[in-house]
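S.K.: If it helps, the file is called input.csv and holds CSV, C-alpha atoms:
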chain,number,residue,atom,x,y,z
A,995,MET,CA,-70.4,-9.1,61.4
A,996,SER,CA,-72.1,-5.7,61.4
A,997,ALA,CA,-74.0,-6.7,58.3
A,998,GLY,CA,-75.4,-9.6,60.4
A,999,LEU,CA,-76.8,-7.2,63.0
A,1000,TYR,CA,-78.3,-4.9,60.4
A,1001,ASP,CA,-80.0,-7.9,58.8
A,1002,VAL,CA,-81.5,-8.9,62.2
A,1003,ILE,CA,-82.7,-5.4,62.8
A,1004,ALA,CA,-84.4,-5.3,59.4
A,1005,ARG,CA,-85.9,-8.8,59.6
A,1006,ARG,CA,-87.3,-8.3,63.2
A,1007,ARG,CA,-91.2,-8.3,63.2
A,1008,ASP,CA,-93.9,-7.9,65.8
A,1009,VAL,CA,-95.5,-11.4,65.3
A,1010,ARG,CA,-99.2,-12.2,65.6
A,1011,ALA,CA,-100.2,-14.9,63.1
A,1012,GLU,CA,-97.0,-16.8,62.4
A,1013,PHE,CA,-96.5,-18.8,65.6
A,1014,THR,CA,-96.4,-22.6,64.9
A,1015,GLY,CA,-97.3,-23.6,68.4
A,1016,GLU,CA,-94.2,-25.7,68.8
A,1017,GLN,CA,-92.2,-25.6,72.0
A,1018,LEU,CA,-89.3,-23.2,72.3
A,1019,ASP,CA,-86.0,-25.0,73.0
A,1020,PRO,CA,-85.1,-24.3,76.6
A,1021,ALA,CA,-81.4,-23.6,75.7
A,1022,VAL,CA,-82.6,-20.9,73.2
A,1023,LEU,CA,-84.9,-19.4,75.8
A,1024,GLU,CA,-82.0,-19.2,78.3
A,1025,ARG,CA,-79.9,-17.4,75.7
A,1026,LEU,CA,-82.7,-14.9,75.0
A,1027,LEU,CA,-83.2,-14.1,78.7
A,1028,GLY,CA,-79.4,-13.8,79.0
A,1029,ALA,CA,-79.4,-11.2,76.1
A,1030,ALA,CA,-82.2,-9.2,77.8
A,1031,HIS,CA,-80.3,-9.4,81.1
A,1032,ALA,CA,-77.2,-8.0,79.5
A,1033,ALA,CA,-78.9,-4.7,78.6
A,1034,PRO,CA,-77.6,-1.4,80.0
A,1035,SER,CA,-79.5,0.0,83.0
A,1036,VAL,CA,-79.5,3.3,84.8
A,1037,GLY,CA,-77.0,3.1,87.7
A,1038,HIS,CA,-76.6,-0.6,86.8
A,1039,SER,CA,-79.9,-1.1,88.6
A,1040,GLN,CA,-81.0,-4.0,86.4
A,1041,PRO,CA,-84.6,-3.3,87.4
A,1042,TRP,CA,-86.3,-5.9,85.1
A,1043,ASP,CA,-87.9,-9.2,85.9
A,1044,PHE,CA,-89.2,-11.9,83.6
A,1045,VAL,CA,-92.3,-13.9,84.4
A,1046,LEU,CA,-92.6,-16.9,82.1
A,1047,VAL,CA,-96.2,-17.9,81.6
A,1048,ARG,CA,-96.9,-21.3,80.0
A,1049,ASP,CA,-100.2,-22.3,81.8
A,1050,PRO,CA,-102.9,-22.3,79.1
A,1051,ARG,CA,-105.5,-21.1,81.6
A,1052,THR,CA,-103.6,-18.0,82.5
A,1053,ARG,CA,-102.9,-17.2,78.8
A,1054,ASP,CA,-106.6,-17.9,78.0
A,1055,GLU,CA,-107.7,-15.5,80.7
A,1056,PHE,CA,-105.3,-12.8,79.5
A,1057,ALA,CA,-106.5,-13.4,75.9
A,1058,ARG,CA,-110.1,-12.8,76.9
A,1059,HIS,CA,-109.2,-9.6,78.6
A,1060,VAL,CA,-107.3,-8.4,75.5
A,1061,ALA,CA,-110.2,-9.3,73.3
A,1062,GLY,CA,-112.4,-7.0,75.4
A,1063,GLU,CA,-109.9,-4.2,75.2
A,1064,ARG,CA,-109.7,-4.7,71.4
A,1065,GLU,CA,-113.5,-4.0,71.3
A,1066,VAL,CA,-113.1,-0.9,73.5
A,1067,TYR,CA,-110.5,0.4,71.1
A,1068,ALA,CA,-112.5,-0.5,67.9
A,1069,ASP,CA,-115.5,1.3,69.3
A,1070,SER,CA,-113.4,4.5,69.8
A,1071,LEU,CA,-112.5,4.6,66.1
A,1072,PRO,CA,-114.1,6.6,63.3
A,1073,ALA,CA,-115.9,4.3,60.8
A,1074,ASP,CA,-113.2,4.3,58.1
A,1075,ARG,CA,-110.4,3.5,60.6
A,1076,ARG,CA,-112.6,0.8,62.2
A,1077,GLU,CA,-112.9,-0.8,58.8
A,1078,THR,CA,-109.1,-0.8,58.3
A,1079,PHE,CA,-108.6,-2.1,61.9
A,1080,ARG,CA,-111.1,-5.0,61.5
A,1081,PRO,CA,-108.7,-7.6,59.8
A,1082,ILE,CA,-105.7,-6.7,61.9
A,1083,LYS,CA,-104.7,-9.4,64.4
A,1084,VAL,CA,-103.4,-7.8,67.6
A,1085,GLU,CA,-102.0,-10.8,69.5
A,1086,GLY,CA,-101.0,-14.5,69.3
A,1087,ILE,CA,-101.4,-15.3,73.0
A,1088,ARG,CA,-102.9,-18.8,72.7
A,1089,GLU,CA,-100.9,-19.9,69.7
A,1090,SER,CA,-97.4,-18.9,70.9
A,1091,GLY,CA,-97.2,-21.3,73.8
A,1092,LEU,CA,-95.1,-19.0,76.0
A,1093,ALA,CA,-95.3,-15.5,77.3
A,1094,VAL,CA,-92.5,-13.5,78.8
A,1095,VAL,CA,-94.0,-10.8,80.9
A,1096,VAL,CA,-91.4,-8.1,81.5
A,1097,THR,CA,-91.7,-5.9,84.6
A,1098,TYR,CA,-90.0,-2.9,86.2
A,1099,ASP,CA,-89.2,-2.6,89.9
A,1100,PRO,CA,-88.4,1.0,90.8
A,1101,ASP,CA,-87.0,-0.2,94.2
A,1102,ARG,CA,-84.3,-2.2,92.6
A,1103,GLY,CA,-80.9,-0.5,93.2
A,1104,GLY,CA,-81.8,1.0,96.5
A,1105,PRO,CA,-82.7,4.6,97.4
A,1106,HIS,CA,-79.9,6.4,95.4
A,1107,VAL,CA,-80.0,5.0,91.9
A,1108,LEU,CA,-77.1,6.7,90.0
A,1109,GLY,CA,-78.4,8.7,87.2
A,1110,ARG,CA,-82.1,8.6,88.1
A,1111,HIS,CA,-82.5,11.5,90.5
A,1112,THR,CA,-83.5,13.9,87.7
A,1113,ILE,CA,-85.5,11.4,85.6
A,1114,ALA,CA,-87.8,9.1,87.5
A,1115,ASP,CA,-88.6,7.1,84.3
A,1116,ALA,CA,-85.0,6.2,83.6
A,1117,GLY,CA,-85.4,2.8,85.1
A,1118,LEU,CA,-88.5,2.2,82.9
A,1119,TYR,CA,-86.3,3.1,79.9
A,1120,SER,CA,-83.7,0.5,81.0
A,1121,THR,CA,-86.4,-2.2,81.1
A,1122,CYS,CA,-87.3,-1.4,77.5
A,1123,LEU,CA,-83.7,-1.7,76.4
A,1124,ALA,CA,-83.7,-5.3,77.8
A,1125,ILE,CA,-86.8,-6.0,75.8
A,1126,GLN,CA,-85.2,-4.9,72.6
A,1127,ASN,CA,-82.1,-7.1,73.3
A,1128,LEU,CA,-84.4,-10.1,73.7
A,1129,TRP,CA,-86.4,-9.2,70.6
A,1130,LEU,CA,-83.3,-9.0,68.4
A,1131,ALA,CA,-81.7,-12.2,69.9
A,1132,ALA,CA,-85.0,-14.0,69.2
A,1133,THR,CA,-85.0,-12.8,65.6
A,1134,ALA,CA,-81.4,-14.0,65.1
A,1135,GLU,CA,-82.5,-17.4,66.5
A,1136,GLY,CA,-85.5,-17.6,64.2
A,1137,VAL,CA,-87.9,-17.2,67.2
A,1138,GLY,CA,-90.9,-14.9,66.9
A,1139,VAL,CA,-91.8,-12.2,69.4
A,1140,GLY,CA,-95.2,-10.4,69.6
A,1141,TRP,CA,-95.6,-7.5,72.0
A,1142,VAL,CA,-99.2,-7.3,73.2
A,1143,SER,CA,-100.3,-3.9,74.6
A,1144,PHE,CA,-104.1,-4.2,74.6
A,1145,TYR,CA,-104.4,-4.7,78.4
A,1146,ARG,CA,-104.9,-2.8,81.6
A,1147,GLU,CA,-101.8,-2.9,83.8
A,1148,GLU,CA,-104.0,-3.5,86.9
A,1149,PHE,CA,-105.5,-6.6,85.3
A,1150,LEU,CA,-102.1,-8.1,84.5
A,1151,ARG,CA,-100.8,-7.3,88.0
A,1152,ASP,CA,-103.7,-9.3,89.5
A,1153,LEU,CA,-103.4,-12.1,87.0
A,1154,LEU,CA,-99.7,-12.8,87.8
A,1155,GLY,CA,-99.5,-11.6,91.4
A,1156,ILE,CA,-97.3,-8.7,90.6
A,1157,PRO,CA,-96.7,-6.5,93.7
A,1158,GLU,CA,-98.2,-3.0,93.7
A,1159,ARG,CA,-94.9,-1.2,93.3
A,1160,VAL,CA,-93.8,-3.3,90.3
A,1161,ARG,CA,-95.0,-2.2,86.9
A,1162,PRO,CA,-95.8,-4.6,84.1
A,1163,VAL,CA,-94.1,-3.2,80.9
A,1164,ALA,CA,-94.8,-5.9,78.3
A,1165,TRP,CA,-96.5,-9.1,77.6
A,1166,LEU,CA,-94.3,-10.8,74.9
A,1167,CYS,CA,-95.6,-13.8,73.0
A,1168,LEU,CA,-92.7,-16.0,72.2
A,1169,GLY,CA,-92.3,-19.1,70.0
A,1170,PRO,CA,-91.1,-20.7,66.8
A,1171,VAL,CA,-92.6,-19.2,63.7
A,1172,SER,CA,-93.4,-20.4,60.2
A,1173,HIS,CA,-91.8,-17.3,58.8
A,1174,LEU,CA,-91.5,-13.6,59.4
A,1175,GLN,CA,-93.5,-11.1,57.3
A,1176,GLU,CA,-91.3,-8.9,55.1
A,1177,VAL,CA,-93.6,-5.9,55.6
A,1178,PRO,CA,-94.9,-5.0,59.1
A,1179,ASP,CA,-98.6,-6.0,59.5
A,1180,LEU,CA,-99.7,-2.4,60.1
A,1181,GLU,CA,-98.1,-1.4,56.8
A,1182,ARG,CA,-99.5,-4.4,54.9
A,1183,HIS,CA,-103.0,-3.6,56.1
A,1184,GLY,CA,-102.8,0.1,55.2
A,1185,TRP,CA,-102.9,1.2,58.8
A,1186,ARG,CA,-99.8,3.4,58.7
A,1187,GLU,CA,-96.8,4.1,56.5
A,1188,ARG,CA,-93.2,4.2,57.3
A,1189,ARG,CA,-92.0,7.8,58.0
A,1190,PRO,CA,-88.9,8.8,56.0
A,1191,LEU,CA,-85.8,8.9,58.2
A,1192,ALA,CA,-84.9,12.4,57.0
A,1193,GLU,CA,-88.1,13.8,58.7
A,1194,ALA,CA,-86.9,12.4,62.0
A,1195,VAL,CA,-83.4,13.9,61.9
A,1196,HIS,CA,-82.8,17.5,63.1
A,1197,HIS,CA,-79.6,19.5,63.3
A,1198,GLU,CA,-78.5,21.5,66.3
A,1199,SER,CA,-82.1,22.2,67.5
A,1200,PHE,CA,-85.5,20.7,67.1
A,1201,ARG,CA,-87.0,21.9,63.8
A,1202,ARG,CA,-90.6,22.8,64.5
B,308,MET,CA,-74.6,-15.1,62.6
B,309,SER,CA,-76.5,-15.3,66.0
B,310,ALA,CA,-73.1,-15.6,67.7
B,311,GLY,CA,-72.3,-12.2,66.2
B,312,LEU,CA,-75.3,-10.6,67.8
B,313,TYR,CA,-74.7,-12.1,71.2
B,314,ASP,CA,-71.1,-10.9,70.9
B,315,VAL,CA,-72.3,-7.3,70.2
B,316,ILE,CA,-74.8,-7.5,73.1
B,317,ALA,CA,-72.0,-8.6,75.4
B,318,ARG,CA,-69.4,-6.0,74.2
B,319,ARG,CA,-71.8,-3.0,74.3
B,320,ARG,CA,-70.8,-0.5,77.0
B,321,ASP,CA,-72.0,2.8,78.3
B,322,VAL,CA,-69.0,4.9,77.3
B,323,ARG,CA,-67.7,7.9,79.3
B,324,ALA,CA,-63.9,8.0,79.1
B,325,GLU,CA,-62.9,6.2,75.9
B,326,PHE,CA,-64.0,8.7,73.2
B,327,THR,CA,-61.0,9.7,71.0
B,328,GLY,CA,-62.6,12.9,69.8
B,329,GLU,CA,-62.3,11.9,66.2
B,330,GLN,CA,-65.1,12.6,63.7
B,331,LEU,CA,-67.7,10.0,63.2
B,332,ASP,CA,-67.9,8.8,59.5
B,333,PRO,CA,-71.2,10.3,58.1
B,334,ALA,CA,-72.0,7.0,56.3
B,335,VAL,CA,-71.7,5.2,59.7
B,336,LEU,CA,-73.9,7.7,61.4
B,337,GLU,CA,-76.5,7.3,58.7
B,338,ARG,CA,-76.5,3.5,59.2
B,339,LEU,CA,-76.9,4.0,63.0
B,340,LEU,CA,-79.9,6.3,62.6
B,341,GLY,CA,-81.4,3.9,60.1
B,342,ALA,CA,-81.0,1.1,62.7
B,343,ALA,CA,-82.8,3.2,65.3
B,344,HIS,CA,-85.5,4.1,62.8
B,345,ALA,CA,-86.2,0.4,62.1
B,346,ALA,CA,-87.3,-0.2,65.6
B,347,PRO,CA,-90.8,-1.5,66.4
B,348,SER,CA,-93.3,1.1,67.6
B,349,VAL,CA,-96.8,0.9,69.1
B,350,GLY,CA,-99.3,1.3,66.3
B,351,HIS,CA,-96.4,1.8,63.9
B,352,SER,CA,-96.4,5.4,65.3
B,353,GLN,CA,-92.5,5.9,65.0
B,354,PRO,CA,-92.7,8.6,67.7
B,355,TRP,CA,-89.0,9.3,67.9
B,356,ASP,CA,-86.9,12.2,66.6
B,357,PHE,CA,-83.1,12.6,66.6
B,358,VAL,CA,-81.5,15.9,67.2
B,359,LEU,CA,-77.8,15.9,66.2
B,360,VAL,CA,-75.8,18.3,68.2
B,361,ARG,CA,-72.3,19.1,67.1
B,362,ASP,CA,-72.0,22.8,68.2
B,363,PRO,CA,-69.4,22.9,71.0
B,364,ARG,CA,-71.2,25.8,72.7
B,365,THR,CA,-74.4,23.8,73.0
B,366,ARG,CA,-72.5,20.8,74.3
B,367,ASP,CA,-70.5,22.9,76.7
B,368,GLU,CA,-73.6,24.5,78.1
B,369,PHE,CA,-75.2,21.0,78.6
B,370,ALA,CA,-72.0,19.7,80.2
B,371,ARG,CA,-72.1,22.5,82.7
B,372,HIS,CA,-75.7,21.8,83.6
B,373,VAL,CA,-74.8,18.1,84.0
B,374,ALA,CA,-71.9,18.9,86.3
B,375,GLY,CA,-74.3,20.9,88.5
B,376,GLU,CA,-76.7,17.9,88.7
B,377,ARG,CA,-73.8,15.6,89.5
B,378,GLU,CA,-73.1,17.8,92.5
B,379,VAL,CA,-76.8,17.7,93.5
B,380,TYR,CA,-76.7,13.9,93.3
B,381,ALA,CA,-73.4,13.6,95.2
B,382,ASP,CA,-74.7,15.7,98.0
B,383,SER,CA,-77.7,13.4,98.4
B,384,LEU,CA,-75.5,10.4,99.1
B,385,PRO,CA,-74.4,8.9,102.5
B,386,ALA,CA,-70.7,9.4,103.1
B,387,ASP,CA,-69.5,5.9,102.0
B,388,ARG,CA,-71.4,6.0,98.8
B,389,ARG,CA,-70.2,9.5,98.0
B,390,GLU,CA,-66.7,8.2,98.3
B,391,THR,CA,-67.4,5.3,95.9
B,392,PHE,CA,-69.1,7.8,93.5
B,393,ARG,CA,-66.3,10.3,93.4
B,394,PRO,CA,-64.0,8.7,90.7
B,395,ILE,CA,-67.0,7.7,88.5
B,396,LYS,CA,-67.2,9.7,85.3
B,397,VAL,CA,-70.8,10.2,84.3
B,398,GLU,CA,-70.5,11.7,80.8
B,399,GLY,CA,-68.2,12.4,77.8
B,400,ILE,CA,-70.2,15.3,76.4
B,401,ARG,CA,-67.3,17.4,75.3
B,402,GLU,CA,-64.9,14.6,74.2
B,403,SER,CA,-67.4,12.7,72.1
B,404,GLY,CA,-67.9,15.4,69.4
B,405,LEU,CA,-71.5,14.5,68.6
B,406,ALA,CA,-74.7,14.1,70.6
B,407,VAL,CA,-77.8,12.4,69.4
B,408,VAL,CA,-80.7,13.6,71.5
B,409,VAL,CA,-83.6,11.2,71.2
B,410,THR,CA,-87.1,12.6,71.8
B,411,TYR,CA,-90.7,11.2,72.0
B,412,ASP,CA,-93.6,12.9,70.4
B,413,PRO,CA,-96.9,11.6,71.8
B,414,ASP,CA,-98.9,13.3,69.0
B,415,ARG,CA,-97.2,11.3,66.3
B,416,GLY,CA,-99.6,8.8,64.9
B,417,GLY,CA,-102.8,10.8,65.4
B,418,PRO,CA,-105.4,10.6,68.0
B,419,HIS,CA,-106.0,6.8,67.8
B,420,VAL,CA,-102.6,5.1,68.2
B,421,LEU,CA,-103.3,1.4,67.8
B,422,GLY,CA,-102.3,-0.4,71.0
B,423,ARG,CA,-101.8,2.7,73.2
B,424,HIS,CA,-105.3,3.3,74.5
B,425,THR,CA,-104.7,1.3,77.7
B,426,ILE,CA,-101.0,2.3,78.2
B,427,ALA,CA,-100.1,5.9,77.7
B,428,ASP,CA,-96.4,5.2,78.0
B,429,ALA,CA,-96.3,2.6,75.2
B,430,GLY,CA,-95.0,5.3,72.8
B,431,LEU,CA,-92.2,6.1,75.3
B,432,TYR,CA,-91.3,2.4,75.3
B,433,SER,CA,-91.0,2.4,71.5
B,434,THR,CA,-88.6,5.3,71.7
B,435,CYS,CA,-86.4,3.3,74.0
B,436,LEU,CA,-86.4,0.3,71.6
B,437,ALA,CA,-85.0,2.7,68.9
B,438,ILE,CA,-82.2,3.7,71.3
B,439,GLN,CA,-81.2,0.1,71.9
B,440,ASN,CA,-81.1,-0.6,68.1
B,441,LEU,CA,-78.8,2.4,67.7
B,442,TRP,CA,-76.6,1.4,70.6
B,443,LEU,CA,-76.1,-2.2,69.3
B,444,ALA,CA,-75.4,-1.0,65.8
B,445,ALA,CA,-72.9,1.5,67.1
B,446,THR,CA,-71.2,-1.3,69.1
B,447,ALA,CA,-71.0,-3.5,65.9
B,448,GLU,CA,-69.5,-0.5,64.0
B,449,GLY,CA,-66.9,0.1,66.8
B,450,VAL,CA,-68.5,3.4,67.8
B,451,GLY,CA,-69.0,4.3,71.4
B,452,VAL,CA,-72.4,5.4,72.9
B,453,GLY,CA,-72.8,7.0,76.3
B,454,TRP,CA,-76.2,7.8,77.7
B,455,VAL,CA,-76.2,10.8,79.9
B,456,SER,CA,-79.1,11.1,82.3
B,457,PHE,CA,-77.9,13.7,84.9
B,458,TYR,CA,-80.1,16.5,83.4
B,459,ARG,CA,-83.5,18.2,83.9
B,460,GLU,CA,-85.8,17.6,81.0
B,461,GLU,CA,-86.9,21.2,81.1
B,462,PHE,CA,-83.3,22.4,80.7
B,463,LEU,CA,-82.7,20.2,77.6
B,464,ARG,CA,-86.0,21.3,76.1
B,465,ASP,CA,-85.0,25.0,76.4
B,466,LEU,CA,-81.5,24.3,75.1
B,467,LEU,CA,-82.6,22.6,71.9
B,468,GLY,CA,-85.9,24.3,71.3
B,469,ILE,CA,-87.9,21.2,71.9
B,470,PRO,CA,-91.7,21.8,71.9
B,471,GLU,CA,-93.6,21.5,75.1
B,472,ARG,CA,-95.4,18.3,74.1
B,473,VAL,CA,-92.2,16.5,73.0
B,474,ARG,CA,-90.3,14.7,75.7
B,475,PRO,CA,-86.5,14.4,75.6
B,476,VAL,CA,-85.7,10.8,76.4
B,477,ALA,CA,-81.9,10.5,76.1
B,478,TRP,CA,-78.8,12.5,75.4
B,479,LEU,CA,-76.5,10.0,73.7
B,480,CYS,CA,-72.8,10.9,73.3
B,481,LEU,CA,-71.5,9.2,70.1
B,482,GLY,CA,-68.0,8.9,68.7
B,483,PRO,CA,-65.1,6.7,67.9
B,484,VAL,CA,-63.5,5.1,70.9
B,485,SER,CA,-60.0,3.8,71.8
B,486,HIS,CA,-61.6,0.6,73.1
B,487,LEU,CA,-64.6,-0.6,75.1
B,488,GLN,CA,-64.2,-1.6,78.7
B,489,GLU,CA,-64.6,-5.3,79.4
B,490,VAL,CA,-66.4,-4.7,82.7
B,491,PRO,CA,-69.0,-1.9,83.1
B,492,ASP,CA,-67.7,1.2,84.8
B,493,LEU,CA,-70.1,0.8,87.8
B,494,GLU,CA,-69.0,-2.7,88.4
B,495,ARG,CA,-65.3,-1.8,88.1
B,496,HIS,CA,-65.7,1.0,90.6
B,497,GLY,CA,-67.5,-1.2,93.1
B,498,TRP,CA,-70.8,0.7,92.7
B,499,ARG,CA,-73.0,-2.2,92.0
B,500,GLU,CA,-72.7,-5.9,91.0
B,501,ARG,CA,-74.5,-7.8,88.3
B,502,ARG,CA,-77.6,-9.6,89.5
B,503,PRO,CA,-77.8,-13.3,88.8
B,504,LEU,CA,-80.2,-14.0,85.9
B,505,ALA,CA,-81.9,-16.7,87.9
B,506,GLU,CA,-83.1,-14.1,90.4
B,507,ALA,CA,-84.9,-12.2,87.7
B,508,VAL,CA,-86.7,-15.2,86.2
B,509,HIS,CA,-90.1,-16.2,87.6
B,510,HIS,CA,-92.5,-19.0,86.6
B,511,GLU,CA,-96.2,-18.6,86.1
B,512,SER,CA,-96.5,-15.8,88.6
B,513,PHE,CA,-94.3,-13.1,90.3
B,514,ARG,CA,-92.4,-14.7,93.2
B,515,ARG,CA,-92.6,-12.2,96.0
What is this file in structure tokens?
M.R.:
Amino acid sequence: MSAGLYDVIARRRDVRAEFTGEQLDPAVLERLLGAAHAAPSVGHSQPWDFVLVRDPRTRDEFARHVAGEREVYADSLPADRRETFRPIKVEGIRESGLAVVVTYDPDRGGPHVLGRHTIADAGLYSTCLAIQNLWLAATAEGVGVGWVSFYREEFLRDLLGIPERVRPVAWLCLGPVSHLQEVPDLERHGWRERRPLAEAVHHESFRR
Amino acid sequence: MSAGLYDVIARRRDVRAEFTGEQLDPAVLERLLGAAHAAPSVGHSQPWDFVLVRDPRTRDEFARHVAGEREVYADSLPADRRETFRPIKVEGIRESGLAVVVTYDPDRGGPHVLGRHTIADAGLYSTCLAIQNLWLAATAEGVGVGWVSFYREEFLRDLLGIPERVRPVAWLCLGPVSHLQEVPDLERHGWRERRPLAEAVHHESFRR
């Protein structure tokens, strides 16, 4: 059983190019959202929401915004990194057929969220835990997930009518995939290597 | 196989009172850290670190700080909520034997982290995804995890010698448990109910 989970964790990929465009089975989608919704949250506040976006016009508008931000980013790079970046696909917004936009509502849970008085961002953390539940469940179901982050939060708020107090945390492209890459895209394209685990582990205090 | 993952997601609990105090098998701990380290991260930046804290003096000092913050929080509550809060245990710092403190380093990945130019917090989000991987792997291994959030970040930075630029994200108590509660503590104690999933799901735009 635990081997199954480790296998899912290892196979999970951030998908860009492998979406087939097929419809996602509604029963599968319901299970994925259920997995997200079963995440832990500070003070049991459950501060997440999920906006399902299927309308091709909305996705197209978002894709155009993301393309613009891709250019902004590319222009900020030194020449050699710009060359490495060029072939890297950063989203599959149009191909995936469905977006799950995950948001964070700081007002959920009332004025006294248990465990949040010292760390305002704790509710934001909870929202991310829900995303990872969804991502792993999707991987187990053979469904691809691609987190798009080349966007301005304000743009996405306007696009989906998200209230001012609510923060968009992720645009997730979801859909059936032909396959999952064995090696993450950014490693395959020579953008960045995996860091050895031993470098990330410290004992008793943070090793400078 | 996917049934296995959903089962782990459903059984996962935020543990306070069920730690047995037994040592965690080092091979299991290595697998849990490996699971965390296999999380997705913005621009493949892998911005997390893990500080393993076993020293009882350090854990005791942290527990005393948390007890103080618990009082601060309790004092902020209206009388009826204070009564509901009273029996709720918020940490198992001394009983669990091991803490994994997870931190976020915004400088990891250099000056041009791919996918972070529009959203500064994206690296913080990645760190949370690593935490959820660890949490689910622990659940699958029969190991309890308890996220403590009643602390001031500055205090924890000082306690563990964490550099100024690095942000502590979580103090996770880890250890063998007698059992996992079926119902989350905050539900059992009448603090807060589970929200129906249907209320969290919106279509095409955010329903106000």
S.K.: Could you produce a table of the residues of chain B lying within 6 Å of chain A, with the nearest pair of atoms per residue and their separation in Å rounded to one decimal, using all atoms listed in the file, ordered by chain and increasing residue number, as a Markdown table?
M.R.:
| residue | atom | partner | partner_atom | distance |
| --- | --- | --- | --- | --- |
| B:Met308 | CA | A:Gly998 | CA | 6.0 |
| B:Ser309 | CA | A:Ala1134 | CA | 5.1 |
| B:Asp356 | CA | A:Ala1194 | CA | 4.6 |
| B:Phe357 | CA | A:Val1195 | CA | 4.9 |
| B:Val358 | CA | A:His1196 | CA | 4.6 |
| B:Leu359 | CA | A:His1197 | CA | 5.0 |
| B:Val360 | CA | A:Glu1198 | CA | 4.6 |
| B:Gly422 | CA | A:Ser1143 | CA | 5.4 |
| B:Thr425 | CA | A:Arg1146 | CA | 5.7 |
| B:Tyr432 | CA | A:Cys1122 | CA | 5.9 |
| B:Cys435 | CA | A:Tyr1119 | CA | 5.9 |
| B:Leu436 | CA | A:Gln1126 | CA | 5.4 |
| B:Gln439 | CA | A:Leu1123 | CA | 5.5 |
| B:Ala447 | CA | A:Ser996 | CA | 5.1 |
| B:Ser456 | CA | A:Gly1109 | CA | 5.5 |
| B:Phe457 | CA | A:Gly1109 | CA | 5.5 |
| B:Arg459 | CA | A:Thr1112 | CA | 5.7 |
| B:Leu467 | CA | A:Ser1199 | CA | 4.4 |
| B:Gly468 | CA | A:Phe1200 | CA | 5.5 |
| B:Ile469 | CA | A:Phe1200 | CA | 5.4 |
| B:Ala507 | CA | A:Asp1043 | CA | 4.6 |
| B:Val508 | CA | A:Phe1044 | CA | 4.9 |
| B:His509 | CA | A:Val1045 | CA | 4.5 |
| B:His510 | CA | A:Leu1046 | CA | 5.0 |
| B:Glu511 | CA | A:Val1047 | CA | 4.6 |
| B:Ser512 | CA | A:Leu1154 | CA | 4.5 |
| B:Phe513 | CA | A:Ile1156 | CA | 5.3 |
S.K.: Between atom CA of Arg1182 of chain A and atom CA of Arg1076 of chain A, what is the distance in Å, rounded to a tenth?
M.R.: 15.9 Å
S.K.: Please compute the atom CA of Val1022 of chain A-atom CA of Gly1169 of chain A distance, one decimal, in Å.
M.R.: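 Between atom CA of Val1022 of chain A and atom CA of Gly1169 of chain A the gap works out to 10.4 Å.
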S.K.: Atom CA of Gly1117 of chain A and atom CA of Lys396 of chain B, how far apart in Å?
M.R.: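 Atom-to-atom, atom CA of Lys396 of chain B to atom CA of Gly1117 of chain A, that is 19.5 Å.
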S.K.: Nearest to Leu1023 of chain A: which of A:Ala1011, A:Pro1170, A:Asp1074, A:Gly1104 is it, counting all atoms listed in the file?
M.R.: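 The answer is A:Pro1170, which sits nearest to Leu1023 of chain A.
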S.K.: Find the residue from A:Gly1138, A:Pro1020, A:Pro1050, A:Pro1162 that sits nearest to Pro1100 of chain A; use only C-alpha atoms when measuring.
M.R.: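 Among the listed residues, A:Pro1162 lies closest to Pro1100 of chain A.
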